[in-house]
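Participant: Mind looking over this structure? Questions follow.
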Amino acid sequence: MEVKDKVVIITGASSGIGEATAKLLSKNGARVVLAARNLKKLEDLSKELKESFVVKTDMTKEEEIKNLIQKTEEHFGRVDILINNAGQGYDAPVEKISTQTFKSLFELDLLGPTIAMKEVIPLMKKQGRGSIINISSGTALMALPNMSAYSSLKRAVVGMSLTANEELKEDNIKVSVVYPYITLTDFEKNTIKDGVREENWENNDPDFQPPDTAEYIAEKILEAIKTGRPEVFAHNWMSSH
Ligand SMILES: NC(=O)c1ccc[n+]([C@@H]2O[C@H](COP(=O)([O-])OP(=O)(O)OC[C@H]3O[C@@H](n4cnc5c(N)ncnc54)[C@H](OP(=O)(O)O)[C@@H]3O)[C@@H](O)[C@H]2O)c1
């Protein structure tokens with residue numbers, strides 16, 4: 001789908017990949033709806049982006065997610081594209097996983113995106129088309145120590161996306177999953193850590209690939225919208241992992 005004049009909801013638009021995506025899509029003529037908890041950041045960003053609209057949203061709260069979709073429909077009369085990007089990392093060895101933290105991460109990384117999908121699908125069906133982009137992670141393709149909780153949630157995002165894509169084929173709604181690689185954002189700073197030592201990380205693996213910028217991943221998200229491909233990887237080598 002082309003993005004010009006389309007109404008696009010972007011969750012987690014106050015920082016990193018979401019913010020870069022909002023800027024890129026707006027530059028390409030989309031009308032962007034900026035969602036996250038930090039209202040000041042969203043309002044500052046909105047001043048830069050023509051025809052953008054802000055809805056303060058906590059993606060762990062079902063009523064706030066419903067409000068996001070409802071306010072978007074009231075303001076623009078439609079929703080063409082949903083980008084489920086809000087998320088947080090969690091580093092902990094399995095034996096140290098906090099039940100409470102895992103439950104709250106489940107709500108943010110998996111249930112929130114699912115509720116947002118549930119809310120936009122009927123509108124997209126009425127409109128006769130739509131595009132949903134779910135942000136997973138390269139960790140969904142790998143077995144990295146301390147990332148079991150986060151990786152399992154991001155794997156579940158893949159299952160949700162691929163299945164929904166099959167379900168919605170006849171309704172002309174494409175569901176794509178995008179797998180970012182390590183990306184230079186506040187993600188690492190915001191990652192919750194239980195039972196892992198804070199240390200100055202040094203990578204000596206000669207095959208280690210340098211991190212990406214948020215702007216690079218925003219281009220991959222745009223590619224997913226334009227092509228409707230079910231899976232888009234930050235780098236081709238990730239698909240064979
Ligand atoms: N950076 C990486 O290396 C990397 C790699 C693979 C996948 N990813 C995925 O990419 C996505 C974006 O992450 P990022 O790298 O841009 O990280 P980031 O800079 O930490 O941004 C995270 C965004 O999520 C929002 N958010 C967090 N909790 C929220 C909540 N309860 N309700 C609504 N919004 C919430 C934050 O906004 P507020 O705090 O204002 O709510 C912020 O806008 C995430 O799904 C992440 O898992 C990142």
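Residue numbering restarts at 1 for every chain of the structure tokens, chains are lettered A, B, ... in their displayed order, and ligands are numbered from 1 as they appear.
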Residues at most 6 Å from ligand 1, using only C-alpha atoms and all ligand atoms? Could they come as a PyMOL selection string?
Facilitator: chain A and resi 12-18+36-38+57-60+85-89+108+135-138+180-187+190
Participant: Taking N, CA and C atoms for each residue, export the selection above as an mmCIF file, in the first residue's frame.
Facilitator:
```cif
data_model
loop_
_atom_site.group_PDB
_atom_site.id
_atom_site.type_symbol
_atom_site.label_atom_id
_atom_site.label_comp_id
_atom_site.auth_asym_id
_atom_site.auth_seq_id
_atom_site.Cartn_x
_atom_site.Cartn_y
_atom_site.Cartn_z
ATOM 1 N N GLY A 12 4.184 3.806 20.385
ATOM 2 C CA GLY A 12 5.592 4.003 20.753
ATOM 3 C C GLY A 12 6.241 5.058 19.884
ATOM 4 N N ALA A 13 5.468 6.113 19.558
ATOM 5 C CA ALA A 13 5.961 7.148 18.633
ATOM 6 C C ALA A 13 6.804 8.208 19.342
ATOM 7 N N SER A 14 6.952 8.093 20.660
ATOM 8 C CA SER A 14 7.663 9.151 21.395
ATOM 9 C C SER A 14 9.172 8.970 21.380
ATOM 10 N N SER A 15 9.665 7.888 20.775
ATOM 11 C CA SER A 15 11.096 7.597 20.867
ATOM 12 C C SER A 15 11.525 6.624 19.765
ATOM 13 N N GLY A 16 12.816 6.572 19.524
ATOM 14 C CA GLY A 16 13.429 5.514 18.719
ATOM 15 C C GLY A 16 12.782 5.197 17.379
ATOM 16 N N ILE A 17 12.492 3.923 17.189
ATOM 17 C CA ILE A 17 11.978 3.431 15.900
ATOM 18 C C ILE A 17 10.619 4.061 15.571
ATOM 19 N N GLY A 18 9.754 4.199 16.577
ATOM 20 C CA GLY A 18 8.426 4.771 16.348
ATOM 21 C C GLY A 18 8.517 6.217 15.901
ATOM 22 N N ALA A 36 1.691 7.052 22.645
ATOM 23 C CA ALA A 36 2.652 6.604 23.668
ATOM 24 C C ALA A 36 2.179 7.233 24.975
ATOM 25 N N ARG A 37 2.972 7.066 26.050
ATOM 26 C CA ARG A 37 2.550 7.648 27.335
ATOM 27 C C ARG A 37 3.070 9.065 27.532
ATOM 28 N N ASN A 38 4.240 9.387 26.952
ATOM 29 C CA ASN A 38 4.872 10.687 27.198
ATOM 30 C C ASN A 38 4.266 11.768 26.289
ATOM 31 N N THR A 57 -1.499 7.305 25.072
ATOM 32 C CA THR A 57 -2.008 5.935 25.224
ATOM 33 C C THR A 57 -1.027 5.063 25.989
ATOM 34 N N ASP A 58 -1.532 4.388 27.000
ATOM 35 C CA ASP A 58 -0.744 3.338 27.658
ATOM 36 C C ASP A 58 -1.188 2.016 27.028
ATOM 37 N N MET A 59 -0.281 1.373 26.311
ATOM 38 C CA MET A 59 -0.630 0.166 25.547
ATOM 39 C C MET A 59 -0.856 -1.066 26.433
ATOM 40 N N THR A 60 -0.752 -0.908 27.758
ATOM 41 C CA THR A 60 -1.105 -2.035 28.637
ATOM 42 C C THR A 60 -2.543 -1.880 29.147
ATOM 43 N N ASN A 85 4.293 -0.830 17.470
ATOM 44 C CA ASN A 85 5.739 -0.709 17.692
ATOM 45 C C ASN A 85 6.110 -0.588 19.171
ATOM 46 N N ALA A 86 5.209 -0.073 20.013
ATOM 47 C CA ALA A 86 5.548 0.127 21.432
ATOM 48 C C ALA A 86 6.022 -1.193 22.032
ATOM 49 N N GLY A 87 7.065 -1.138 22.825
ATOM 50 C CA GLY A 87 7.558 -2.373 23.432
ATOM 51 C C GLY A 87 8.711 -2.093 24.363
ATOM 52 N N GLN A 88 9.063 -3.110 25.128
ATOM 53 C CA GLN A 88 10.155 -2.987 26.096
ATOM 54 C C GLN A 88 10.857 -4.331 26.209
ATOM 55 N N GLY A 89 12.157 -4.276 26.492
ATOM 56 C CA GLY A 89 12.932 -5.500 26.642
ATOM 57 C C GLY A 89 12.984 -5.977 28.084
ATOM 58 N N LEU A 108 2.267 -5.547 27.451
ATOM 59 C CA LEU A 108 2.785 -4.513 26.548
ATOM 60 C C LEU A 108 3.225 -5.089 25.200
ATOM 61 N N ILE A 135 5.912 -5.108 15.169
ATOM 62 C CA ILE A 135 7.361 -5.105 15.331
ATOM 63 C C ILE A 135 7.774 -6.233 16.270
ATOM 64 N N SER A 136 8.494 -7.189 15.715
ATOM 65 C CA SER A 136 9.037 -8.286 16.516
ATOM 66 C C SER A 136 10.484 -7.932 16.859
ATOM 67 N N SER A 137 11.390 -8.882 16.686
ATOM 68 C CA SER A 137 12.792 -8.644 17.036
ATOM 69 C C SER A 137 13.637 -9.785 16.483
ATOM 70 N N GLY A 138 14.867 -9.470 16.166
ATOM 71 C CA GLY A 138 15.799 -10.529 15.764
ATOM 72 C C GLY A 138 15.951 -11.584 16.848
ATOM 73 N N PRO A 180 13.531 -6.060 13.624
ATOM 74 C CA PRO A 180 14.726 -5.216 13.735
ATOM 75 C C PRO A 180 15.896 -6.025 14.312
ATOM 76 N N TYR A 181 17.082 -5.639 13.895
ATOM 77 C CA TYR A 181 18.330 -6.112 14.524
ATOM 78 C C TYR A 181 18.655 -5.088 15.614
ATOM 79 N N ILE A 182 19.788 -5.208 16.300
ATOM 80 C CA ILE A 182 20.155 -4.219 17.332
ATOM 81 C C ILE A 182 20.077 -2.816 16.710
ATOM 82 N N THR A 183 19.313 -1.950 17.365
ATOM 83 C CA THR A 183 19.052 -0.621 16.805
ATOM 84 C C THR A 183 19.376 0.431 17.853
ATOM 85 N N LEU A 184 20.013 1.503 17.424
ATOM 86 C CA LEU A 184 20.474 2.541 18.348
ATOM 87 C C LEU A 184 19.310 3.444 18.772
ATOM 88 N N THR A 185 18.684 3.072 19.887
ATOM 89 C CA THR A 185 17.555 3.829 20.448
ATOM 90 C C THR A 185 17.723 3.784 21.977
ATOM 91 N N ASP A 186 16.667 4.185 22.706
ATOM 92 C CA ASP A 186 16.714 4.076 24.176
ATOM 93 C C ASP A 186 16.343 2.673 24.660
ATOM 94 N N PHE A 187 16.175 1.748 23.717
ATOM 95 C CA PHE A 187 15.691 0.408 24.066
ATOM 96 C C PHE A 187 16.531 -0.259 25.164
ATOM 97 N N ASN A 190 16.055 1.266 28.489
ATOM 98 C CA ASN A 190 14.722 1.002 29.041
ATOM 99 C C ASN A 190 14.477 -0.475 29.354
#
```
Participant: Near region 97-102 of chain A, within 9 Å and counting only C-alpha atoms, which residues show up once chain neighbours fewer than 3 positions away are dropped, as a ChimeraX atom specification?
Facilitator: /A:90-94,105-107,149-150,192,194-195
Participant: Got time to write the residues from that selection, C-alpha atoms, as a JSON list (two decimals), in the first residue's frame?
Facilitator:
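As written to disk, result.json reads:
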```json
[["chain", "number", "residue", "atom", "x", "y", "z"],
["A", 90, "TYR", "CA", 13.50, -7.80, 29.60],
["A", 91, "ASP", "CA", 16.85, -9.44, 30.37],
["A", 92, "ALA", "CA", 16.81, -12.21, 32.97],
["A", 93, "PRO", "CA", 17.96, -15.82, 33.17],
["A", 94, "VAL", "CA", 14.92, -18.13, 33.31],
["A", 105, "LEU", "CA", 5.64, -7.35, 29.55],
["A", 106, "PHE", "CA", 3.09, -9.82, 28.17],
["A", 107, "GLU", "CA", 0.54, -7.02, 28.32],
["A", 149, "ALA", "CA", 11.01, -13.93, 28.30],
["A", 150, "TYR", "CA", 11.43, -11.15, 25.73],
["A", 192, "ILE", "CA", 14.27, -4.23, 32.58],
["A", 194, "ASP", "CA", 16.73, -9.06, 36.73],
["A", 195, "GLY", "CA", 19.71, -11.13, 37.87]]
```
Participant: Would you list the contacts of region 218-222 of chain A as a PDB file with N, CA and C atoms, in the first residue's frame, taking every protein, DNA or RNA residue within 12 Å and counting only C-alpha atoms, but skipping same-chain residues closer than 6 positions in sequence?
Facilitator:
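That gives us part-v7.pdb:
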```pdb
ATOM      1  N   MET A   1       0.845  -1.195   0.000  1.00  0.00           N
ATOM      2  CA  MET A   1       0.000   0.000   0.000  1.00  0.00           C
ATOM      3  C   MET A   1       0.886   1.252   0.000  1.00  0.00           C
ATOM      4  N   GLU A   2       0.497   2.234  -0.785  1.00  0.00           N
ATOM      5  CA  GLU A   2       1.216   3.514  -0.747  1.00  0.00           C
ATOM      6  C   GLU A   2       0.791   4.281   0.507  1.00  0.00           C
ATOM      7  N   VAL A   3       1.658   5.120   1.061  1.00  0.00           N
ATOM      8  CA  VAL A   3       1.305   5.774   2.330  1.00  0.00           C
ATOM      9  C   VAL A   3       0.736   7.188   2.152  1.00  0.00           C
ATOM     10  N   LYS A   4       0.859   7.750   0.968  1.00  0.00           N
ATOM     11  CA  LYS A   4       0.387   9.132   0.768  1.00  0.00           C
ATOM     12  C   LYS A   4      -1.106   9.256   1.121  1.00  0.00           C
ATOM     13  N   VAL A   8      -2.287   6.676   9.584  1.00  0.00           N
ATOM     14  CA  VAL A   8      -1.407   5.641  10.152  1.00  0.00           C
ATOM     15  C   VAL A   8      -1.269   5.825  11.663  1.00  0.00           C
ATOM     16  N   ILE A  10       0.748   4.967  14.929  1.00  0.00           N
ATOM     17  CA  ILE A  10       2.076   4.449  15.307  1.00  0.00           C
ATOM     18  C   ILE A  10       2.158   4.437  16.827  1.00  0.00           C
ATOM     19  N   ALA A  13       5.468   6.113  19.558  1.00  0.00           N
ATOM     20  CA  ALA A  13       5.961   7.148  18.633  1.00  0.00           C
ATOM     21  C   ALA A  13       6.804   8.208  19.342  1.00  0.00           C
ATOM     22  N   GLY A  16      12.816   6.572  19.524  1.00  0.00           N
ATOM     23  CA  GLY A  16      13.429   5.514  18.719  1.00  0.00           C
ATOM     24  C   GLY A  16      12.782   5.197  17.379  1.00  0.00           C
ATOM     25  N   ILE A  17      12.492   3.923  17.189  1.00  0.00           N
ATOM     26  CA  ILE A  17      11.978   3.431  15.900  1.00  0.00           C
ATOM     27  C   ILE A  17      10.619   4.061  15.571  1.00  0.00           C
ATOM     28  N   GLY A  18       9.754   4.199  16.577  1.00  0.00           N
ATOM     29  CA  GLY A  18       8.426   4.771  16.348  1.00  0.00           C
ATOM     30  C   GLY A  18       8.517   6.217  15.901  1.00  0.00           C
ATOM     31  N   GLU A  19       9.375   6.973  16.554  1.00  0.00           N
ATOM     32  CA  GLU A  19       9.550   8.394  16.204  1.00  0.00           C
ATOM     33  C   GLU A  19      10.118   8.526  14.780  1.00  0.00           C
ATOM     34  N   ALA A  20      11.131   7.729  14.478  1.00  0.00           N
ATOM     35  CA  ALA A  20      11.736   7.792  13.127  1.00  0.00           C
ATOM     36  C   ALA A  20      10.717   7.389  12.066  1.00  0.00           C
ATOM     37  N   THR A  21       9.866   6.417  12.399  1.00  0.00           N
ATOM     38  CA  THR A  21       8.843   5.959  11.444  1.00  0.00           C
ATOM     39  C   THR A  21       7.800   7.046  11.216  1.00  0.00           C
ATOM     40  N   ALA A  22       7.402   7.711  12.300  1.00  0.00           N
ATOM     41  CA  ALA A  22       6.425   8.804  12.171  1.00  0.00           C
ATOM     42  C   ALA A  22       6.977   9.889  11.241  1.00  0.00           C
ATOM     43  N   LYS A  23       8.240  10.228  11.421  1.00  0.00           N
ATOM     44  CA  LYS A  23       8.852  11.276  10.577  1.00  0.00           C
ATOM     45  C   LYS A  23       8.910  10.830   9.112  1.00  0.00           C
ATOM     46  N   LEU A  24       9.322   9.584   8.892  1.00  0.00           N
ATOM     47  CA  LEU A  24       9.463   9.097   7.513  1.00  0.00           C
ATOM     48  C   LEU A  24       8.107   9.027   6.805  1.00  0.00           C
ATOM     49  N   LEU A  25       7.104   8.485   7.515  1.00  0.00           N
ATOM     50  CA  LEU A  25       5.793   8.334   6.867  1.00  0.00           C
ATOM     51  C   LEU A  25       5.146   9.694   6.627  1.00  0.00           C
ATOM     52  N   SER A  26       5.335  10.608   7.569  1.00  0.00           N
ATOM     53  CA  SER A  26       4.798  11.956   7.393  1.00  0.00           C
ATOM     54  C   SER A  26       5.462  12.614   6.183  1.00  0.00           C
ATOM     55  N   LYS A  27       6.756  12.440   6.055  1.00  0.00           N
ATOM     56  CA  LYS A  27       7.483  13.005   4.900  1.00  0.00           C
ATOM     57  C   LYS A  27       6.944  12.435   3.581  1.00  0.00           C
ATOM     58  N   ASN A  28       6.442  11.193   3.666  1.00  0.00           N
ATOM     59  CA  ASN A  28       5.883  10.542   2.469  1.00  0.00           C
ATOM     60  C   ASN A  28       4.387  10.828   2.298  1.00  0.00           C
ATOM     61  N   ALA A  30       1.832  10.750   4.681  1.00  0.00           N
ATOM     62  CA  ALA A  30       0.826  10.103   5.533  1.00  0.00           C
ATOM     63  C   ALA A  30       0.347  11.065   6.613  1.00  0.00           C
ATOM     64  N   ILE A  81      -3.628   2.189   8.327  1.00  0.00           N
ATOM     65  CA  ILE A  81      -2.432   1.420   8.699  1.00  0.00           C
ATOM     66  C   ILE A  81      -2.240   1.486  10.219  1.00  0.00           C
ATOM     67  N   LEU A  82      -1.954   0.345  10.817  1.00  0.00           N
ATOM     68  CA  LEU A  82      -1.613   0.286  12.252  1.00  0.00           C
ATOM     69  C   LEU A  82      -0.188  -0.231  12.382  1.00  0.00           C
ATOM     70  N   ILE A  83       0.642   0.504  13.099  1.00  0.00           N
ATOM     71  CA  ILE A  83       2.012   0.022  13.370  1.00  0.00           C
ATOM     72  C   ILE A  83       2.136  -0.224  14.866  1.00  0.00           C
ATOM     73  N   ASN A  84       2.159  -1.498  15.237  1.00  0.00           N
ATOM     74  CA  ASN A  84       2.302  -1.907  16.632  1.00  0.00           C
ATOM     75  C   ASN A  84       3.793  -1.964  16.957  1.00  0.00           C
ATOM     76  N   ASN A  85       4.293  -0.830  17.470  1.00  0.00           N
ATOM     77  CA  ASN A  85       5.739  -0.709  17.692  1.00  0.00           C
ATOM     78  C   ASN A  85       6.110  -0.588  19.171  1.00  0.00           C
ATOM     79  N   SER A 131      -3.551  -2.285   6.371  1.00  0.00           N
ATOM     80  CA  SER A 131      -2.195  -2.822   6.571  1.00  0.00           C
ATOM     81  C   SER A 131      -1.869  -2.753   8.057  1.00  0.00           C
ATOM     82  N   ILE A 132      -1.389  -3.862   8.592  1.00  0.00           N
ATOM     83  CA  ILE A 132      -0.991  -3.915  10.006  1.00  0.00           C
ATOM     84  C   ILE A 132       0.463  -4.363  10.045  1.00  0.00           C
ATOM     85  N   ILE A 133       1.286  -3.597  10.761  1.00  0.00           N
ATOM     86  CA  ILE A 133       2.708  -3.938  10.881  1.00  0.00           C
ATOM     87  C   ILE A 133       3.001  -4.196  12.360  1.00  0.00           C
ATOM     88  N   ASN A 134       3.484  -5.360  12.669  1.00  0.00           N
ATOM     89  CA  ASN A 134       3.845  -5.693  14.048  1.00  0.00           C
ATOM     90  C   ASN A 134       5.368  -5.782  14.164  1.00  0.00           C
ATOM     91  N   ILE A 135       5.912  -5.108  15.169  1.00  0.00           N
ATOM     92  CA  ILE A 135       7.361  -5.105  15.331  1.00  0.00           C
ATOM     93  C   ILE A 135       7.774  -6.233  16.270  1.00  0.00           C
ATOM     94  N   SER A 136       8.494  -7.189  15.715  1.00  0.00           N
ATOM     95  CA  SER A 136       9.037  -8.286  16.516  1.00  0.00           C
ATOM     96  C   SER A 136      10.484  -7.932  16.859  1.00  0.00           C
ATOM     97  N   VAL A 175      -1.026  -8.308   6.958  1.00  0.00           N
ATOM     98  CA  VAL A 175      -0.379  -8.222   8.274  1.00  0.00           C
ATOM     99  C   VAL A 175       1.072  -8.636   8.093  1.00  0.00           C
ATOM    100  N   SER A 176       1.976  -7.733   8.459  1.00  0.00           N
ATOM    101  CA  SER A 176       3.403  -8.009   8.270  1.00  0.00           C
ATOM    102  C   SER A 176       4.119  -7.946   9.605  1.00  0.00           C
ATOM    103  N   VAL A 177       5.153  -8.762   9.732  1.00  0.00           N
ATOM    104  CA  VAL A 177       5.999  -8.679  10.921  1.00  0.00           C
ATOM    105  C   VAL A 177       7.381  -8.193  10.482  1.00  0.00           C
ATOM    106  N   VAL A 178       7.899  -7.205  11.220  1.00  0.00           N
ATOM    107  CA  VAL A 178       9.225  -6.653  10.920  1.00  0.00           C
ATOM    108  C   VAL A 178      10.162  -7.065  12.048  1.00  0.00           C
ATOM    109  N   TYR A 179      11.344  -7.558  11.664  1.00  0.00           N
ATOM    110  CA  TYR A 179      12.341  -7.997  12.646  1.00  0.00           C
ATOM    111  C   TYR A 179      13.511  -7.013  12.676  1.00  0.00           C
ATOM    112  N   PRO A 180      13.531  -6.060  13.624  1.00  0.00           N
ATOM    113  CA  PRO A 180      14.726  -5.216  13.735  1.00  0.00           C
ATOM    114  C   PRO A 180      15.896  -6.025  14.312  1.00  0.00           C
ATOM    115  N   TYR A 181      17.082  -5.639  13.895  1.00  0.00           N
ATOM    116  CA  TYR A 181      18.330  -6.112  14.524  1.00  0.00           C
ATOM    117  C   TYR A 181      18.655  -5.088  15.614  1.00  0.00           C
ATOM    118  N   THR A 183      19.313  -1.950  17.365  1.00  0.00           N
ATOM    119  CA  THR A 183      19.052  -0.621  16.805  1.00  0.00           C
ATOM    120  C   THR A 183      19.376   0.431  17.853  1.00  0.00           C
ATOM    121  N   ASP A 212      22.019  -0.935  13.800  1.00  0.00           N
ATOM    122  CA  ASP A 212      21.346  -0.084  12.811  1.00  0.00           C
ATOM    123  C   ASP A 212      20.854   1.199  13.472  1.00  0.00           C
ATOM    124  N   GLY A 228       3.609  -5.301   1.467  1.00  0.00           N
ATOM    125  CA  GLY A 228       2.663  -6.211   2.115  1.00  0.00           C
ATOM    126  C   GLY A 228       3.270  -7.583   2.386  1.00  0.00           C
ATOM    127  N   ARG A 229       4.589  -7.692   2.308  1.00  0.00           N
ATOM    128  CA  ARG A 229       5.216  -9.001   2.567  1.00  0.00           C
ATOM    129  C   ARG A 229       4.984  -9.412   4.028  1.00  0.00           C
ATOM    130  N   PRO A 230       4.690 -10.701   4.274  1.00  0.00           N
ATOM    131  CA  PRO A 230       4.388 -11.129   5.649  1.00  0.00           C
ATOM    132  C   PRO A 230       5.564 -10.959   6.612  1.00  0.00           C
ATOM    133  N   GLU A 231       6.798 -11.070   6.103  1.00  0.00           N
ATOM    134  CA  GLU A 231       7.968 -10.926   6.985  1.00  0.00           C
ATOM    135  C   GLU A 231       9.002 -10.006   6.322  1.00  0.00           C
ATOM    136  N   VAL A 232       9.472  -9.032   7.090  1.00  0.00           N
ATOM    137  CA  VAL A 232      10.546  -8.154   6.603  1.00  0.00           C
ATOM    138  C   VAL A 232      11.652  -8.140   7.651  1.00  0.00           C
ATOM    139  N   PHE A 233      12.839  -8.514   7.216  1.00  0.00           N
ATOM    140  CA  PHE A 233      13.999  -8.615   8.115  1.00  0.00           C
ATOM    141  C   PHE A 233      14.877  -7.369   7.956  1.00  0.00           C
ATOM    142  N   ALA A 234      15.460  -6.922   9.059  1.00  0.00           N
ATOM    143  CA  ALA A 234      16.365  -5.769   8.965  1.00  0.00           C
ATOM    144  C   ALA A 234      17.505  -6.081   8.002  1.00  0.00           C
ATOM    145  N   HIS A 235      17.933  -7.360   8.016  1.00  0.00           N
ATOM    146  CA  HIS A 235      19.020  -7.793   7.118  1.00  0.00           C
ATOM    147  C   HIS A 235      18.676  -9.191   6.602  1.00  0.00           C
ATOM    148  N   ASN A 236      19.048  -9.446   5.362  1.00  0.00           N
ATOM    149  CA  ASN A 236      18.693 -10.736   4.770  1.00  0.00           C
ATOM    150  C   ASN A 236      19.286 -11.912   5.527  1.00  0.00           C
TER     151      ASN A 236
END
```
Participant: CA of Leu42 (chain A) and CA of Lys66 (chain A), how far apart in Å?
Facilitator: 18.7 Å
Participant: Output as a ChimeraX atom specification all residues of region 26-241 of chain A that backbone DSSP marks as strand (DSSP E or B).
Facilitator: /A:31-36,53-56,81-84,90-91,130-135,173-179,183-184,192-193,212-213,231-233
Participant: For the alpha helix (DSSP H) assignment from backbone DSSP, which residues of chain A qualify? Please present them as an MDAnalysis selection string.
Facilitator: chainID A and resid 16:27 39:48 62:76 99:106 112:127 148:167 187:190 214:227
Participant: One number please: CA of Lys50 (chain A) to CA of His75 (chain A), in Å, one decimal.
Facilitator: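 We find that CA of Lys50 (chain A) and CA of His75 (chain A) lie 14.4 Å from each other.
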Participant: I want to know what sits within 6 Å of Asn172 (chain A), based on only C-alpha atoms, with residues of the same chain fewer than 2 positions away left out; could you give that as an MDAnalysis selection string?
Facilitator: chainID A and resid 129 169:170
Participant: Kindly save the residues from that selection, with N, CA and C atoms included, as an mmCIF file, in the first residue's frame.
Facilitator:
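In the end it all went to result.cif:
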```cif
data_model
loop_
_atom_site.group_PDB
_atom_site.id
_atom_site.type_symbol
_atom_site.label_atom_id
_atom_site.label_comp_id
_atom_site.auth_asym_id
_atom_site.auth_seq_id
_atom_site.Cartn_x
_atom_site.Cartn_y
_atom_site.Cartn_z
ATOM 1 N N ARG A 129 -9.856 -2.528 2.832
ATOM 2 C CA ARG A 129 -8.412 -2.808 2.814
ATOM 3 C C ARG A 129 -7.742 -2.277 4.075
ATOM 4 N N LYS A 169 -6.621 -12.523 4.520
ATOM 5 C CA LYS A 169 -6.286 -12.425 3.091
ATOM 6 C C LYS A 169 -7.466 -11.996 2.242
ATOM 7 N N GLU A 170 -8.607 -12.650 2.487
ATOM 8 C CA GLU A 170 -9.781 -12.370 1.640
ATOM 9 C C GLU A 170 -10.381 -11.000 1.911
#
```
Participant: Report the distance between CA of Lys61 (chain A) and CA of Ile115 (chain A) in Å, rounded to one decimal place.
Facilitator: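 That distance, rounded to one decimal, is 9.5 Å.
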Participant: For Lys193 (chain A), which of A:Met238, A:Ile217, A:Leu162, A:Met147 is the closest residue, counting only C-alpha atoms?
Facilitator: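 Between A:Met238, A:Ile217, A:Leu162, A:Met147, the residue approaching Lys193 (chain A) most closely is A:Met147.
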